[in-house]
file query27.cif (mmCIF, C-alpha atoms and all ligand atoms; chains and numbers go by the auth columns)
data_work
#
loop_
_atom_site.group_PDB
_atom_site.id
_atom_site.type_symbol
_atom_site.label_atom_id
_atom_site.label_comp_id
_atom_site.label_asym_id
_atom_site.label_seq_id
_atom_site.Cartn_x
_atom_site.Cartn_y
_atom_site.Cartn_z
_atom_site.B_iso_or_equiv
_atom_site.auth_seq_id
_atom_site.auth_asym_id
ATOM 1 C CA MET A 1 58.602 33.673 -22.651 0.00 1 A
ATOM 2 C CA ILE A 2 56.741 33.052 -19.409 0.00 2 A
ATOM 3 C CA GLU A 3 53.848 35.409 -18.583 0.00 3 A
ATOM 4 C CA ILE A 4 52.262 36.055 -15.199 0.00 4 A
ATOM 5 C CA LEU A 5 48.642 36.901 -14.355 0.00 5 A
ATOM 6 C CA PRO A 6 47.961 37.837 -10.716 0.00 6 A
ATOM 7 C CA ILE A 7 44.377 36.946 -9.711 0.00 7 A
ATOM 8 C CA PHE A 8 43.125 38.793 -6.656 0.00 8 A
ATOM 9 C CA THR A 9 40.222 37.346 -4.676 0.00 9 A
ATOM 10 C CA ASN A 10 38.107 39.833 -2.865 0.00 10 A
ATOM 11 C CA SER A 11 37.909 37.811 0.368 0.00 11 A
ATOM 12 C CA PRO A 12 38.747 39.185 3.833 0.00 12 A
ATOM 13 C CA LEU A 13 42.128 37.421 3.527 0.00 13 A
ATOM 14 C CA ARG A 14 42.936 39.288 0.303 0.00 14 A
ATOM 15 C CA ASN A 15 44.439 36.175 -1.320 0.00 15 A
ATOM 16 C CA TYR A 16 46.344 36.107 -4.564 0.00 16 A
ATOM 17 C CA SER A 17 46.348 33.192 -6.954 0.00 17 A
ATOM 18 C CA TYR A 18 48.598 33.366 -10.010 0.00 18 A
ATOM 19 C CA LEU A 19 48.556 31.949 -13.508 0.00 19 A
ATOM 20 C CA VAL A 20 52.051 31.350 -14.865 0.00 20 A
ATOM 21 C CA TYR A 21 51.723 30.605 -18.566 0.00 21 A
ATOM 22 C CA SER A 22 53.166 30.624 -22.039 0.00 22 A
ATOM 23 C CA ASN A 23 51.301 31.994 -25.051 0.00 23 A
ATOM 24 C CA ARG A 24 53.616 30.020 -27.293 0.00 24 A
ATOM 25 C CA THR A 25 52.892 26.584 -25.828 0.00 25 A
ATOM 26 C CA GLY A 26 49.414 27.352 -24.397 0.00 26 A
ATOM 27 C CA GLU A 27 50.412 25.775 -21.072 0.00 27 A
ATOM 28 C CA ALA A 28 49.686 27.246 -17.665 0.00 28 A
ATOM 29 C CA TYR A 29 50.350 26.518 -14.008 0.00 29 A
ATOM 30 C CA CYS A 30 48.197 27.883 -11.233 0.00 30 A
ATOM 31 C CA ILE A 31 49.862 28.902 -7.976 0.00 31 A
ATOM 32 C CA ASP A 32 47.671 28.674 -4.838 0.00 32 A
ATOM 33 C CA PRO A 33 44.172 28.374 -6.349 0.00 33 A
ATOM 34 C CA PHE A 34 41.582 30.114 -4.183 0.00 34 A
ATOM 35 C CA ASP A 35 38.503 30.440 -6.400 0.00 35 A
ATOM 36 C CA ALA A 36 38.565 27.718 -9.079 0.00 36 A
ATOM 37 C CA LYS A 37 35.813 29.316 -11.219 0.00 37 A
ATOM 38 C CA GLN A 38 37.573 32.661 -11.301 0.00 38 A
ATOM 39 C CA ILE A 39 40.806 30.954 -12.336 0.00 39 A
ATOM 40 C CA LEU A 40 39.112 28.903 -15.067 0.00 40 A
ATOM 41 C CA ASN A 41 37.528 32.064 -16.399 0.00 41 A
ATOM 42 C CA HIS A 42 40.903 33.725 -16.688 0.00 42 A
ATOM 43 C CA SER A 43 42.583 30.696 -18.250 0.00 43 A
ATOM 44 C CA GLN A 44 39.809 30.466 -20.844 0.00 44 A
ATOM 45 C CA LYS A 45 40.161 34.141 -21.702 0.00 45 A
ATOM 46 C CA LEU A 46 43.905 33.677 -22.102 0.00 46 A
ATOM 47 C CA GLY A 47 43.363 30.519 -24.160 0.00 47 A
ATOM 48 C CA VAL A 48 45.717 28.422 -22.022 0.00 48 A
ATOM 49 C CA ARG A 49 45.397 24.943 -20.523 0.00 49 A
ATOM 50 C CA ILE A 50 46.189 24.498 -16.820 0.00 50 A
ATOM 51 C CA LYS A 51 48.631 21.583 -16.562 0.00 51 A
ATOM 52 C CA GLY A 52 49.623 21.924 -12.937 0.00 52 A
ATOM 53 C CA ILE A 53 48.531 23.319 -9.584 0.00 53 A
ATOM 54 C CA LEU A 54 51.388 24.547 -7.400 0.00 54 A
ATOM 55 C CA ASN A 55 50.732 24.994 -3.685 0.00 55 A
ATOM 56 C CA THR A 56 53.192 27.157 -1.788 0.00 56 A
ATOM 57 C CA HIS A 57 51.986 25.562 1.451 0.00 57 A
ATOM 58 C CA GLU A 58 49.207 23.602 3.094 0.00 58 A
ATOM 59 C CA HIS A 59 46.999 26.333 4.596 0.00 59 A
ATOM 60 C CA GLY A 60 43.397 26.175 3.397 0.00 60 A
ATOM 61 C CA ASP A 61 43.342 29.616 1.820 0.00 61 A
ATOM 62 C CA HIS A 62 46.149 28.491 -0.525 0.00 62 A
ATOM 63 C CA THR A 63 44.679 25.106 -1.464 0.00 63 A
ATOM 64 C CA GLN A 64 40.912 25.534 -1.351 0.00 64 A
ATOM 65 C CA GLY A 65 40.536 25.623 -5.145 0.00 65 A
ATOM 66 C CA ASN A 66 42.671 22.489 -5.681 0.00 66 A
ATOM 67 C CA LEU A 67 40.022 19.802 -6.054 0.00 67 A
ATOM 68 C CA GLU A 68 37.602 21.736 -8.254 0.00 68 A
ATOM 69 C CA LEU A 69 40.386 22.983 -10.506 0.00 69 A
ATOM 70 C CA LYS A 70 41.927 19.492 -10.712 0.00 70 A
ATOM 71 C CA GLU A 71 38.548 17.986 -11.579 0.00 71 A
ATOM 72 C CA GLU A 72 37.963 20.542 -14.355 0.00 72 A
ATOM 73 C CA THR A 73 41.437 20.520 -15.885 0.00 73 A
ATOM 74 C CA LYS A 74 42.991 17.158 -14.864 0.00 74 A
ATOM 75 C CA ALA A 75 45.976 19.186 -13.679 0.00 75 A
ATOM 76 C CA VAL A 76 48.689 17.592 -11.530 0.00 76 A
ATOM 77 C CA VAL A 77 48.794 18.954 -7.960 0.00 77 A
ATOM 78 C CA TYR A 78 52.254 19.731 -6.548 0.00 78 A
ATOM 79 C CA GLY A 79 53.398 20.536 -3.011 0.00 79 A
ATOM 80 C CA HIS A 80 55.987 20.060 -0.270 0.00 80 A
ATOM 81 C CA LYS A 81 56.651 16.577 1.143 0.00 81 A
ATOM 82 C CA ASN A 82 55.864 17.674 4.700 0.00 82 A
ATOM 83 C CA ALA A 83 52.348 18.619 3.564 0.00 83 A
ATOM 84 C CA LYS A 84 51.630 15.182 2.076 0.00 84 A
ATOM 85 C CA ASP A 85 48.482 14.564 4.091 0.00 85 A
ATOM 86 C CA LYS A 86 47.337 18.171 4.216 0.00 86 A
ATOM 87 C CA ILE A 87 47.140 19.319 0.602 0.00 87 A
ATOM 88 C CA PRO A 88 43.878 18.233 -1.107 0.00 88 A
ATOM 89 C CA GLY A 89 44.516 16.170 -4.240 0.00 89 A
ATOM 90 C CA LEU A 90 48.313 16.227 -3.933 0.00 90 A
ATOM 91 C CA ASP A 91 49.920 14.124 -6.689 0.00 91 A
ATOM 92 C CA GLN A 92 53.566 15.055 -6.749 0.00 92 A
ATOM 93 C CA ILE A 93 56.190 16.255 -4.280 0.00 93 A
ATOM 94 C CA LEU A 94 58.512 19.136 -5.101 0.00 94 A
ATOM 95 C CA LYS A 95 61.841 19.697 -3.402 0.00 95 A
ATOM 96 C CA GLU A 96 64.527 22.386 -3.450 0.00 96 A
ATOM 97 C CA GLY A 97 65.729 23.052 -6.996 0.00 97 A
ATOM 98 C CA ASP A 98 63.065 21.039 -8.839 0.00 98 A
ATOM 99 C CA LEU A 99 62.171 22.384 -12.265 0.00 99 A
ATOM 100 C CA VAL A 100 58.422 22.821 -12.736 0.00 100 A
ATOM 101 C CA PHE A 101 58.038 24.525 -16.095 0.00 101 A
ATOM 102 C CA SER A 102 60.308 25.896 -18.799 0.00 102 A
ATOM 103 C CA VAL A 103 59.722 27.848 -21.981 0.00 103 A
ATOM 104 C CA GLU A 104 62.686 28.660 -24.193 0.00 104 A
ATOM 105 C CA GLU A 105 65.260 30.083 -21.796 0.00 105 A
ATOM 106 C CA GLU A 106 62.913 30.883 -18.920 0.00 106 A
ATOM 107 C CA SER A 107 61.927 28.528 -16.135 0.00 107 A
ATOM 108 C CA LEU A 108 60.028 28.138 -12.907 0.00 108 A
ATOM 109 C CA THR A 109 61.759 26.194 -10.135 0.00 109 A
ATOM 110 C CA ALA A 110 60.969 25.385 -6.509 0.00 110 A
ATOM 111 C CA TRP A 111 62.778 26.712 -3.453 0.00 111 A
ATOM 112 C CA ASP A 112 62.311 25.145 -0.029 0.00 112 A
ATOM 113 C CA THR A 113 61.499 28.160 2.167 0.00 113 A
ATOM 114 C CA PRO A 114 60.500 27.091 5.705 0.00 114 A
ATOM 115 C CA GLY A 115 59.435 29.453 8.475 0.00 115 A
ATOM 116 C CA HIS A 116 55.758 30.312 7.962 0.00 116 A
ATOM 117 C CA THR A 117 55.304 26.527 8.032 0.00 117 A
ATOM 118 C CA PHE A 118 57.738 23.643 7.606 0.00 118 A
ATOM 119 C CA SER A 119 56.153 22.697 4.301 0.00 119 A
ATOM 120 C CA HIS A 120 56.545 25.948 2.424 0.00 120 A
ATOM 121 C CA LEU A 121 57.802 26.262 -1.142 0.00 121 A
ATOM 122 C CA SER A 122 58.472 29.434 -3.084 0.00 122 A
ATOM 123 C CA PHE A 123 58.570 29.435 -6.871 0.00 123 A
ATOM 124 C CA VAL A 124 61.334 31.220 -8.700 0.00 124 A
ATOM 125 C CA TRP A 125 60.953 32.507 -12.253 0.00 125 A
ATOM 126 C CA LYS A 126 64.300 32.933 -13.978 0.00 126 A
ATOM 127 C CA ASN A 127 66.293 33.162 -17.175 0.00 127 A
ATOM 128 C CA PRO A 128 69.964 32.172 -17.558 0.00 128 A
ATOM 129 C CA LYS A 129 71.079 35.646 -16.447 0.00 129 A
ATOM 130 C CA THR A 130 68.898 36.487 -13.482 0.00 130 A
ATOM 131 C CA ILE A 131 65.919 35.792 -11.246 0.00 131 A
ATOM 132 C CA LEU A 132 62.949 37.618 -12.764 0.00 132 A
ATOM 133 C CA GLY A 133 60.366 37.029 -10.042 0.00 133 A
ATOM 134 C CA ILE A 134 59.494 35.071 -6.921 0.00 134 A
ATOM 135 C CA PHE A 135 56.166 33.632 -5.755 0.00 135 A
ATOM 136 C CA SER A 136 56.671 33.841 -2.026 0.00 136 A
ATOM 137 C CA GLY A 137 53.395 32.467 -0.609 0.00 137 A
ATOM 138 C CA ASP A 138 53.173 33.528 3.037 0.00 138 A
ATOM 139 C CA THR A 139 56.931 33.872 3.563 0.00 139 A
ATOM 140 C CA LEU A 140 57.509 37.400 2.271 0.00 140 A
ATOM 141 C CA PHE A 141 54.813 40.028 1.722 0.00 141 A
ATOM 142 C CA ASN A 142 54.959 43.597 0.465 0.00 142 A
ATOM 143 C CA ALA A 143 56.552 45.520 3.343 0.00 143 A
ATOM 144 C CA GLY A 144 56.268 42.542 5.706 0.00 144 A
ATOM 145 C CA VAL A 145 56.870 38.849 6.376 0.00 145 A
ATOM 146 C CA GLY A 146 54.522 35.976 7.231 0.00 146 A
ATOM 147 C CA ASN A 147 53.463 35.063 10.740 0.00 147 A
ATOM 148 C CA CYS A 148 54.394 31.737 12.303 0.00 148 A
ATOM 149 C CA PHE A 149 51.236 30.968 14.324 0.00 149 A
ATOM 150 C CA ARG A 150 50.106 27.902 12.414 0.00 150 A
ATOM 151 C CA GLY A 151 52.963 25.447 12.201 0.00 151 A
ATOM 152 C CA GLY A 152 55.956 27.757 11.751 0.00 152 A
ATOM 153 C CA ASP A 153 58.975 29.096 13.608 0.00 153 A
ATOM 154 C CA PRO A 154 60.144 32.744 13.486 0.00 154 A
ATOM 155 C CA SER A 155 63.802 31.790 13.908 0.00 155 A
ATOM 156 C CA VAL A 156 63.630 29.546 10.846 0.00 156 A
ATOM 157 C CA LEU A 157 61.749 32.285 8.977 0.00 157 A
ATOM 158 C CA TYR A 158 64.631 34.643 9.810 0.00 158 A
ATOM 159 C CA GLU A 159 67.105 32.204 8.237 0.00 159 A
ATOM 160 C CA THR A 160 65.008 31.849 5.092 0.00 160 A
ATOM 161 C CA ILE A 161 64.537 35.603 4.698 0.00 161 A
ATOM 162 C CA GLN A 162 68.174 36.365 5.377 0.00 162 A
ATOM 163 C CA SER A 163 69.786 33.589 3.343 0.00 163 A
ATOM 164 C CA ARG A 164 67.380 33.455 0.379 0.00 164 A
ATOM 165 C CA PHE A 165 65.135 36.490 -0.062 0.00 165 A
ATOM 166 C CA GLU A 166 67.756 39.095 0.796 0.00 166 A
ATOM 167 C CA THR A 167 69.978 37.722 -1.954 0.00 167 A
ATOM 168 C CA LEU A 168 67.395 38.329 -4.707 0.00 168 A
ATOM 169 C CA PRO A 169 68.318 40.969 -7.307 0.00 169 A
ATOM 170 C CA ASP A 170 66.709 44.406 -7.019 0.00 170 A
ATOM 171 C CA SER A 171 64.881 43.948 -10.323 0.00 171 A
ATOM 172 C CA CYS A 172 63.165 40.714 -9.175 0.00 172 A
ATOM 173 C CA PHE A 173 59.350 41.043 -8.958 0.00 173 A
ATOM 174 C CA LEU A 174 57.654 39.931 -5.756 0.00 174 A
ATOM 175 C CA TYR A 175 54.414 37.932 -6.089 0.00 175 A
ATOM 176 C CA PRO A 176 53.154 37.299 -2.534 0.00 176 A
ATOM 177 C CA GLY A 177 50.234 35.123 -1.376 0.00 177 A
ATOM 178 C CA HIS A 178 48.171 38.067 -0.095 0.00 178 A
ATOM 179 C CA ASP A 179 47.768 41.782 -0.702 0.00 179 A
ATOM 180 C CA TYR A 180 48.774 43.189 2.694 0.00 180 A
ATOM 181 C CA TRP A 181 50.138 46.547 1.508 0.00 181 A
ATOM 182 C CA GLU A 182 47.891 48.665 3.659 0.00 182 A
ATOM 183 C CA ASN A 183 48.418 46.997 7.037 0.00 183 A
ATOM 184 C CA ASN A 184 52.100 46.408 6.494 0.00 184 A
ATOM 185 C CA LEU A 185 52.749 50.028 5.560 0.00 185 A
ATOM 186 C CA LYS A 186 50.912 51.091 8.723 0.00 186 A
ATOM 187 C CA PHE A 187 53.136 48.820 10.808 0.00 187 A
ATOM 188 C CA SER A 188 56.136 50.268 8.987 0.00 188 A
ATOM 189 C CA GLU A 189 55.052 53.782 9.997 0.00 189 A
ATOM 190 C CA HIS A 190 54.873 52.572 13.586 0.00 190 A
ATOM 191 C CA ILE A 191 58.191 50.719 13.714 0.00 191 A
ATOM 192 C CA ASP A 192 60.324 52.521 11.118 0.00 192 A
ATOM 193 C CA PRO A 193 59.213 56.146 11.508 0.00 193 A
ATOM 194 C CA GLU A 194 62.227 57.756 9.841 0.00 194 A
ATOM 195 C CA ASN A 195 62.133 55.948 6.532 0.00 195 A
ATOM 196 C CA PRO A 196 62.210 58.650 3.832 0.00 196 A
ATOM 197 C CA PHE A 197 61.681 56.138 1.010 0.00 197 A
ATOM 198 C CA ARG A 198 58.287 55.098 2.398 0.00 198 A
ATOM 199 C CA TYR A 199 56.889 58.639 2.138 0.00 199 A
ATOM 200 C CA GLN A 200 58.061 58.924 -1.429 0.00 200 A
ATOM 201 C CA PHE A 201 56.865 55.417 -2.319 0.00 201 A
ATOM 202 C CA LYS A 202 53.381 55.872 -0.839 0.00 202 A
ATOM 203 C CA GLU A 203 52.738 58.872 -3.098 0.00 203 A
ATOM 204 C CA SER A 204 53.041 56.679 -6.174 0.00 204 A
ATOM 205 C CA LEU A 205 51.603 53.438 -4.734 0.00 205 A
ATOM 206 C CA LYS A 206 48.786 52.041 -6.871 0.00 206 A
ATOM 207 C CA PRO A 207 46.185 49.483 -5.727 0.00 207 A
ATOM 208 C CA PHE A 208 47.528 45.925 -6.060 0.00 208 A
ATOM 209 C CA GLN A 209 50.933 47.174 -7.038 0.00 209 A
ATOM 210 C CA ILE A 210 53.479 44.497 -7.879 0.00 210 A
ATOM 211 C CA SER A 211 56.785 45.663 -6.479 0.00 211 A
ATOM 212 C CA GLU A 212 60.402 44.819 -7.116 0.00 212 A
ATOM 213 C CA MET A 213 62.863 43.599 -4.493 0.00 213 A
ATOM 214 C CA GLY A 214 64.819 46.855 -4.776 0.00 214 A
ATOM 215 C CA SER A 215 61.807 48.749 -3.361 0.00 215 A
ATOM 216 C CA GLU A 216 61.112 46.036 -0.811 0.00 216 A
ATOM 217 C CA LYS A 217 64.670 46.264 0.519 0.00 217 A
ATOM 218 C CA LYS A 218 64.079 49.981 1.120 0.00 218 A
ATOM 219 C CA LEU A 219 60.532 49.588 2.516 0.00 219 A
ATOM 220 C CA ASN A 220 60.204 46.374 4.463 0.00 220 A
ATOM 221 C CA PRO A 221 61.056 46.911 8.170 0.00 221 A
ATOM 222 C CA PHE A 222 62.222 43.279 8.356 0.00 222 A
ATOM 223 C CA PHE A 223 64.844 44.096 5.699 0.00 223 A
ATOM 224 C CA ARG A 224 65.610 47.431 7.379 0.00 224 A
ATOM 225 C CA ARG A 225 66.257 45.869 10.774 0.00 225 A
ATOM 226 C CA ASN A 226 69.798 47.262 10.890 0.00 226 A
ATOM 227 C CA THR A 227 68.856 50.891 10.270 0.00 227 A
ATOM 228 C CA ASN A 228 68.950 53.544 12.973 0.00 228 A
ATOM 229 C CA SER A 229 65.292 54.323 12.329 0.00 229 A
ATOM 230 C CA VAL A 230 64.212 50.788 13.308 0.00 230 A
ATOM 231 C CA LYS A 231 66.740 50.236 16.093 0.00 231 A
ATOM 232 C CA GLU A 232 66.062 53.573 17.774 0.00 232 A
ATOM 233 C CA ARG A 233 62.340 52.918 17.641 0.00 233 A
ATOM 234 C CA LEU A 234 62.839 49.475 19.248 0.00 234 A
ATOM 235 C CA THR A 235 64.908 51.060 22.004 0.00 235 A
ATOM 236 C CA GLU A 236 62.183 53.667 22.492 0.00 236 A
ATOM 237 C CA LEU A 237 59.699 50.804 22.902 0.00 237 A
ATOM 238 C CA LYS A 238 62.032 49.333 25.553 0.00 238 A
ATOM 239 C CA GLU A 239 62.828 46.260 23.493 0.00 239 A
ATOM 240 C CA THR A 240 66.201 44.604 23.965 0.00 240 A
ATOM 241 C CA PHE A 241 68.097 42.888 21.179 0.00 241 A
ATOM 242 C CA THR A 242 71.607 41.538 20.856 0.00 242 A
ATOM 243 C CA ASN A 243 72.134 40.551 17.237 0.00 243 A
ATOM 244 C CA ASP A 244 70.614 40.515 13.764 0.00 244 A
ATOM 245 C CA ARG A 245 68.396 37.512 14.498 0.00 245 A
ATOM 246 C CA SER A 246 67.045 38.998 17.708 0.00 246 A
ATOM 247 C CA VAL A 247 66.097 42.267 15.970 0.00 247 A
ATOM 248 C CA PHE A 248 64.144 40.226 13.418 0.00 248 A
ATOM 249 C CA LEU A 249 62.460 38.172 16.158 0.00 249 A
ATOM 250 C CA THR A 250 61.566 41.326 18.084 0.00 250 A
ATOM 251 C CA LEU A 251 59.987 42.839 14.966 0.00 251 A
ATOM 252 C CA ARG A 252 58.006 39.644 14.342 0.00 252 A
ATOM 253 C CA LYS A 253 56.815 39.610 17.971 0.00 253 A
ATOM 254 C CA LEU A 254 55.730 43.268 17.811 0.00 254 A
ATOM 255 C CA ARG A 255 53.912 42.704 14.511 0.00 255 A
ATOM 256 C CA ASP A 256 52.082 39.739 16.117 0.00 256 A
ATOM 257 C CA GLN A 257 50.918 41.922 18.993 0.00 257 A
ATOM 258 C CA TRP A 258 50.193 44.990 16.894 0.00 258 A
HETATM 259 FE FE FE B . 49.567 30.493 5.343 0.00 301 B
#
call {"tool": "encode", "arguments": {"input": "query27.cif", "output": "structure tokens"}}
result
Amino acid sequence: MIEILPIFTNSPLRNYSYLVYSNRTGEAYCIDPFDAKQILNHSQKLGVRIKGILNTHEHGDHTQGNLELKEETKAVVYGHKNAKDKIPGLDQILKEGDLVFSVEEESLTAWDTPGHTFSHLSFVWKNPKTILGIFSGDTLFNAGVGNCFRGGDPSVLYETIQSRFETLPDSCFLYPGHDYWENNLKFSEHIDPENPFRYQFKESLKPFQISEMGSEKKLNPFFRRNTNSVKERLTELKETFTNDRSVFLTLRKLRDQW
């Protein structure tokens, strides 16, 4: 069985790093190391050895722990080919469908998920029956999606969200690159005022809650772009849109300006 430990760093960016590990084999992979010492502490407590460092993308807040963690553990650093010269210590390229780690029937594989940048991977945890979880970096957040200011394209992000993330099963856990619950729920209140699920959900929301895609589909305004609540609000804000893509792009633009 594969186990997951989310590691929150109390920086203004509210980054998450993750340890993906097996108690049976004692192996671990670290996704997006932020604070190498904090990660080493956790891996020692768990009694696992970090074999690999997996970077979802090249931005500094997702790679800043690479070199120190590599030095301490001799782990192999993995990333997207388009980030070859941007990821510190990069050893090995991962492409769509590459297997990173497997334990018994469970595995972790790479998805190529462009949009936030053009060198963005997500990591999918699955068993033969279903997808159990996704490490989405800065592509999909709780109740929001990533911005495209630094090397991305919102139209490509739309395609990735629509063709990949919206197909995930409701039971799939979402492990994003940052904890943006608070801000994203505020934007949701602004842009999706008539969402009854949000009121209900907020009552039971715990700090650092890990959610499932079923909740995200009911909460995230980018997933709810075809609802009356969102569309009527956009019309009220005098936004024009013609199709599914343009609703998404309008939401992304409004979130950028918000
Ligand atoms: Fe980023």
call {"tool": "closest_atom_pairs", "arguments": {"input": "query27.cif", "of": "range 15-95 of chain A", "to": "range 102-125 of chain A", "cutoff": "10 Å", "atoms": "only C-alpha atoms", "output": "Markdown table"}}
result
| residue | atom | partner | partner_atom | distance |
| --- | --- | --- | --- | --- |
| A:Val20 | CA | A:Leu108 | CA | 8.8 |
| A:Tyr21 | CA | A:Val103 | CA | 9.1 |
| A:Ser22 | CA | A:Val103 | CA | 7.1 |
| A:Asn23 | CA | A:Val103 | CA | 9.9 |
| A:Arg24 | CA | A:Val103 | CA | 8.4 |
| A:Thr25 | CA | A:Val103 | CA | 7.9 |
| A:Glu27 | CA | A:Val103 | CA | 9.6 |
| A:Tyr29 | CA | A:Leu108 | CA | 9.9 |
| A:Ile31 | CA | A:Phe123 | CA | 8.8 |
| A:Leu54 | CA | A:Phe123 | CA | 8.7 |
| A:Asn55 | CA | A:Leu121 | CA | 7.6 |
| A:Thr56 | CA | A:Leu121 | CA | 4.7 |
| A:His57 | CA | A:His120 | CA | 4.7 |
| A:Glu58 | CA | A:Ser119 | CA | 7.1 |
| A:His59 | CA | A:Thr117 | CA | 9.0 |
| A:Gly79 | CA | A:Leu121 | CA | 7.5 |
| A:His80 | CA | A:Ser119 | CA | 5.3 |
| A:Lys81 | CA | A:Ser119 | CA | 6.9 |
| A:Asn82 | CA | A:Ser119 | CA | 5.0 |
| A:Ala83 | CA | A:Ser119 | CA | 5.6 |
| A:Lys84 | CA | A:Ser119 | CA | 9.0 |
| A:Lys86 | CA | A:Ser119 | CA | 9.9 |
| A:Leu94 | CA | A:Ala110 | CA | 6.9 |
| A:Lys95 | CA | A:Asp112 | CA | 6.4 |
call {"tool": "residues_around", "arguments": {"input": "query27.cif", "residues": "range 37-41 of chain A", "least_positions_apart": "4", "cutoff": "9 Å", "atoms": "only C-alpha atoms", "output": "PyMOL selection string"}}
result
chain A and resi 7+9+17-19+30+33+45-46+50+65+68-69+72-73
call {"tool": "closest_residue", "arguments": {"input": "query27.cif", "among": "A:Leu99, A:Cys148, A:Ile2, A:Ala143", "to": "ligand FE 301 (chain B)", "atoms": "all atoms listed in the file"}}
result
A:Cys148
call {"tool": "atom_distance", "arguments": {"input": "query27.cif", "atom1": "CA of Glu232 in chain A", "atom2": "CA of Gln162 in chain A"}}
result
21.3 Å
call {"tool": "resolve_selection", "arguments": {"input": "query27.cif", "expression": "the PyMOL selection byres (((chain A and resi 253) around 12) and not hetatm)", "output": "compact mmCIF listing (two decimals) with C-alpha atoms, in the frame of the given file"}}
result
# COMPACT_ATOMS: atom_id res chain seq x y z
CA VAL A 145 56.87 38.85 6.38
CA GLY A 146 54.52 35.98 7.23
CA ASN A 147 53.46 35.06 10.74
CA CYS A 148 54.39 31.74 12.30
CA PHE A 149 51.24 30.97 14.32
CA ASP A 153 58.98 29.10 13.61
CA PRO A 154 60.14 32.74 13.49
CA SER A 155 63.80 31.79 13.91
CA ILE A 191 58.19 50.72 13.71
CA PHE A 222 62.22 43.28 8.36
CA LEU A 234 62.84 49.48 19.25
CA GLU A 239 62.83 46.26 23.49
CA SER A 246 67.04 39.00 17.71
CA VAL A 247 66.10 42.27 15.97
CA PHE A 248 64.14 40.23 13.42
CA LEU A 249 62.46 38.17 16.16
CA THR A 250 61.57 41.33 18.08
CA LEU A 251 59.99 42.84 14.97
CA ARG A 252 58.01 39.64 14.34
CA LEU A 254 55.73 43.27 17.81
CA ARG A 255 53.91 42.70 14.51
CA ASP A 256 52.08 39.74 16.12
CA GLN A 257 50.92 41.92 18.99
CA TRP A 258 50.19 44.99 16.89
call {"tool": "closest_residue", "arguments": {"input": "query27.cif", "among": "A:Asp61, A:Thr130, A:Pro193, A:Gly52", "to": "Leu90 in chain A", "atoms": "all atoms listed in the file"}}
result
A:Gly52
call {"tool": "closest_residue", "arguments": {"input": "query27.cif", "among": "A:Val48, A:Ile53, A:Val100, A:Ala75", "to": "Ile87 in chain A", "atoms": "only C-alpha atoms"}}
result
A:Ile53
call {"tool": "closest_residue", "arguments": {"input": "query27.cif", "among": "A:Leu174, A:Val77, A:Leu5, A:Leu140", "to": "Tyr158 in chain A", "atoms": "all atoms listed in the file"}}
result
A:Leu140
call {"tool": "residues_around", "arguments": {"input": "query27.cif", "residues": "Phe173 in chain A", "least_positions_apart": "2", "cutoff": "12 Å", "atoms": "only C-alpha atoms", "output": "JSON, numbers by chain"}}
result
{"A": [4, 6, 123, 124, 125, 126, 130, 131, 132, 133, 134, 135, 136, 140, 141, 142, 165, 168, 169, 170, 171, 175, 176, 209, 210, 211, 212, 213, 214, 215, 216]}
call {"tool": "write_last_selection", "arguments": {"input": "query27.cif", "atoms": "C-alpha atoms", "output": "PDB file, in the frame of the given file"}}
result
ATOM      1  CA  ILE A   4      52.262  36.055 -15.199  1.00  0.00           C
ATOM      2  CA  PRO A   6      47.961  37.837 -10.716  1.00  0.00           C
ATOM      3  CA  PHE A 123      58.570  29.435  -6.871  1.00  0.00           C
ATOM      4  CA  VAL A 124      61.334  31.220  -8.700  1.00  0.00           C
ATOM      5  CA  TRP A 125      60.953  32.507 -12.253  1.00  0.00           C
ATOM      6  CA  LYS A 126      64.300  32.933 -13.978  1.00  0.00           C
ATOM      7  CA  THR A 130      68.898  36.487 -13.482  1.00  0.00           C
ATOM      8  CA  ILE A 131      65.919  35.792 -11.246  1.00  0.00           C
ATOM      9  CA  LEU A 132      62.949  37.618 -12.764  1.00  0.00           C
ATOM     10  CA  GLY A 133      60.366  37.029 -10.042  1.00  0.00           C
ATOM     11  CA  ILE A 134      59.494  35.071  -6.921  1.00  0.00           C
ATOM     12  CA  PHE A 135      56.166  33.632  -5.755  1.00  0.00           C
ATOM     13  CA  SER A 136      56.671  33.841  -2.026  1.00  0.00           C
ATOM     14  CA  LEU A 140      57.509  37.400   2.271  1.00  0.00           C
ATOM     15  CA  PHE A 141      54.813  40.028   1.722  1.00  0.00           C
ATOM     16  CA  ASN A 142      54.959  43.597   0.465  1.00  0.00           C
ATOM     17  CA  PHE A 165      65.135  36.490  -0.062  1.00  0.00           C
ATOM     18  CA  LEU A 168      67.395  38.329  -4.707  1.00  0.00           C
ATOM     19  CA  PRO A 169      68.318  40.969  -7.307  1.00  0.00           C
ATOM     20  CA  ASP A 170      66.709  44.406  -7.019  1.00  0.00           C
ATOM     21  CA  SER A 171      64.881  43.948 -10.323  1.00  0.00           C
ATOM     22  CA  TYR A 175      54.414  37.932  -6.089  1.00  0.00           C
ATOM     23  CA  PRO A 176      53.154  37.299  -2.534  1.00  0.00           C
ATOM     24  CA  GLN A 209      50.933  47.174  -7.038  1.00  0.00           C
ATOM     25  CA  ILE A 210      53.479  44.497  -7.879  1.00  0.00           C
ATOM     26  CA  SER A 211      56.785  45.663  -6.479  1.00  0.00           C
ATOM     27  CA  GLU A 212      60.402  44.819  -7.116  1.00  0.00           C
ATOM     28  CA  MET A 213      62.863  43.599  -4.493  1.00  0.00           C
ATOM     29  CA  GLY A 214      64.819  46.855  -4.776  1.00  0.00           C
ATOM     30  CA  SER A 215      61.807  48.749  -3.361  1.00  0.00           C
ATOM     31  CA  GLU A 216      61.112  46.036  -0.811  1.00  0.00           C
TER      32      GLU A 216
END
call {"tool": "closest_residue", "arguments": {"input": "query27.cif", "among": "A:Gly47, A:Pro88, A:Pro221, A:Gly60", "to": "ligand FE 301 (chain B)", "atoms": "all atoms listed in the file"}}
result
A:Gly60
